[in-house]
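The next block holds one structure in the form of structure tokens; read it before the comments.
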Amino acid sequence: MNLYKNIRNDKLAALSFSVILVIVAAGLFAPLFAPHDPNEVQMELRYASPSWGYLLGNDHLGRCILSRLIYGIRPSVLWVFVALVISVVLGGGLGLIAGYFRGKTDAVIMRICDVMLSFPGYVMSLAVIGILGAGLTNILIAFVLMKWAWFARVIRTSVLQYAESDYIKFSKALGFGNFRIIVKQLLPVSLPDIAVTSSSAFGAMILQISGFSFLGLGIEAPHAEWGMMLNEAREVMFTRPELMLAPGLAIVVIVTAVNFLSDGLQVALDPKLIVSKPKLQRQEIPSAIERKGEEVA
């Protein structure tokens with residue numbers, strides 16, 4: 001409840017959250033919102049201008065751009081979110097184990113993370129796609145293989161701050177099992193770091209899958225995806241630039257909303273930032289008055 005109240009008080013974060021909810025709802029219920037079949041080819045409407053029947057016009061095969069934009073939410077946003085959840089669960093679980101048990105367990109997990117993180121993300125993803133082949137499923141597998149190590153290291157660092165706390169030692173003295181301590185004691189204090197890290201990674205993953213699809217490595221035709229729509233409109237980018245505007249603007253809007261929400265979550269989940277923000281504002285007012293007085297003098 002406090003989290004919801006803090007986000008609601010942050011107008012930018014609340015607006016970003018509303019935009020994300022609308023986009024996700026449109027993707028989940030795409031058949032209800034899309035005015036036409038996204039894969040219906042109508043060559044007589046090839047490169048047709050926007051009209052009341054086709055608000056965003058038609059592409060090189062006469063397909064409805066608006067319908068393809070709505071259906072493109074599923075691979076561009078929803079399936080990316082599924083890959084993010086799997087990465088968080090896998091990496092977060094290993095990070096909790098490494099930070100709690102430490103010793104050899106921590107050393108083994110962290111050395112594996114070091115190996116995975118020693119390669120640039122894009123290069124490693126391209127290598128995985130090259131081995132498994134192009135396609136949405138293989139890109140999502142590449143995301144999971146690359147992101148889990150990053151989450152494991154972040155969560156492990158968070159857990160180390162509390163692993164030797166007095167309440168953890170007290171729980172061990174009472175005979176609580178390791179699993180119970182991890183779930184009941186350590187996981188709740190790690191949730192803020194998990195939420196902020198996940199939200200910031202979400203926007204980057206959306207950009208990555210759009211980039212791979214733009215290069216022809218993503219979802220296969222005739223299915224709709226924002227990056228592939230940009231690639232298809234590239235041939236007429238100078239004569240019909242509006243065909244690239246719709247998917248490009250959709251990517252910018254969702255990534256910007258996710259980044260603003262990530263900043264809002266960081267403030268909402270950190271009481272120090274919430275308390276210090278009004279103090280900083282109160283300190284800025286007298287200093288501004290003093291500067292004005294000096295200017296007048």
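Starting from 1 in every chain, residues are counted up; chains themselves are A, B, ... following the order of the structure tokens, and ligands are numbered from 1 as listed.
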
What's around A:Val19 at 10 Å? Count only C-alpha atoms, leave out sequence neighbours fewer than 5 positions away in its own chain, and write the answer as a list in words.
Ala13, Ala14, Val24, Ala25, Val253, Ile254, Ala257 and Val258 of chain A

Please identify the alpha helix (DSSP H) residues within stretch 156-217 of chain A (assignment by DSSP from backbone atoms) and present them as a PyMOL selection string.
chain A and resi 156-160+166-173+178-181+187-214

Write out the residues from the selection above, keeping C-alpha atoms, as a JSON list (two decimals), in the first residue's frame.
```json
[["chain", "number", "residue", "atom", "x", "y", "z"],
["A", 156, "ARG", "CA", 24.09, -11.51, -3.89],
["A", 157, "THR", "CA", 25.55, -8.08, -3.07],
["A", 158, "SER", "CA", 22.25, -7.06, -1.49],
["A", 159, "VAL", "CA", 22.03, -10.24, 0.60],
["A", 160, "LEU", "CA", 25.59, -9.87, 1.92],
["A", 166, "ASP", "CA", 21.52, -9.96, 14.43],
["A", 167, "TYR", "CA", 18.02, -11.03, 13.43],
["A", 168, "ILE", "CA", 19.46, -13.61, 11.02],
["A", 169, "LYS", "CA", 21.67, -15.01, 13.78],
["A", 170, "PHE", "CA", 18.69, -15.00, 16.14],
["A", 171, "SER", "CA", 16.63, -16.95, 13.58],
["A", 172, "LYS", "CA", 19.40, -19.54, 13.30],
["A", 173, "ALA", "CA", 19.60, -19.81, 17.09],
["A", 178, "ASN", "CA", 17.95, -22.16, 5.87],
["A", 179, "PHE", "CA", 15.11, -22.15, 3.34],
["A", 180, "ARG", "CA", 12.80, -20.39, 5.76],
["A", 181, "ILE", "CA", 15.41, -17.77, 6.62],
["A", 187, "LEU", "CA", 14.02, -12.18, 0.22],
["A", 188, "PRO", "CA", 11.84, -9.30, 1.53],
["A", 189, "VAL", "CA", 14.84, -7.01, 2.11],
["A", 190, "SER", "CA", 16.15, -7.84, -1.38],
["A", 191, "LEU", "CA", 12.87, -7.07, -3.15],
["A", 192, "PRO", "CA", 13.62, -3.33, -3.60],
["A", 193, "ASP", "CA", 16.90, -4.10, -5.37],
["A", 194, "ILE", "CA", 15.18, -6.78, -7.45],
["A", 195, "ALA", "CA", 12.37, -4.41, -8.48],
["A", 196, "VAL", "CA", 14.66, -1.53, -9.44],
["A", 197, "THR", "CA", 17.17, -3.72, -11.27],
["A", 198, "SER", "CA", 14.44, -5.61, -13.13],
["A", 199, "SER", "CA", 12.61, -2.49, -14.25],
["A", 200, "SER", "CA", 15.81, -0.90, -15.54],
["A", 201, "ALA", "CA", 16.75, -4.09, -17.42],
["A", 202, "PHE", "CA", 13.27, -4.35, -18.95],
["A", 203, "GLY", "CA", 13.72, -1.28, -21.13],
["A", 204, "ALA", "CA", 17.12, -2.46, -22.33],
["A", 205, "MET", "CA", 15.71, -5.87, -23.28],
["A", 206, "ILE", "CA", 12.91, -4.25, -25.30],
["A", 207, "LEU", "CA", 15.49, -2.25, -27.24],
["A", 208, "GLN", "CA", 17.61, -5.35, -27.78],
["A", 209, "ILE", "CA", 14.81, -7.53, -29.16],
["A", 210, "SER", "CA", 13.71, -4.69, -31.44],
["A", 211, "GLY", "CA", 17.29, -4.33, -32.65],
["A", 212, "PHE", "CA", 17.64, -8.04, -33.36],
["A", 213, "SER", "CA", 14.32, -8.07, -35.22],
["A", 214, "PHE", "CA", 15.42, -5.04, -37.22]]
```

Stretch 229-244 of chain A environment, 9 Å, only C-alpha atoms, sequence neighbours closer than 6 positions dropped, as a VMD selection string:
chain A and resid 47 56 to 60 65 68 to 69 72 210 213 to 216

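Comparing the minimum interatomic distances between A:Ser125 and each of A:Ile109, A:Leu90, A:Cys64, A:Ala142, counting only C-alpha atoms, we find that A:Ala142 sits nearest.
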
Rank nothing, just name the residue among A:Glu164, A:Leu12, A:Pro222, A:Ala268 nearest to A:Val41, using only C-alpha atoms.
A:Pro222

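Interatomic distance, atom CA of A:Ser262 against atom CA of A:Ser76: 18.6 Å.
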
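Around A:Leu66, within 8 Å and counting only C-alpha atoms, the residues found are Ala34, Pro35, Tyr54, Leu55, Leu56, Gly57 and Ile70 of chain A, once anything fewer than 4 positions away on its own chain is removed.
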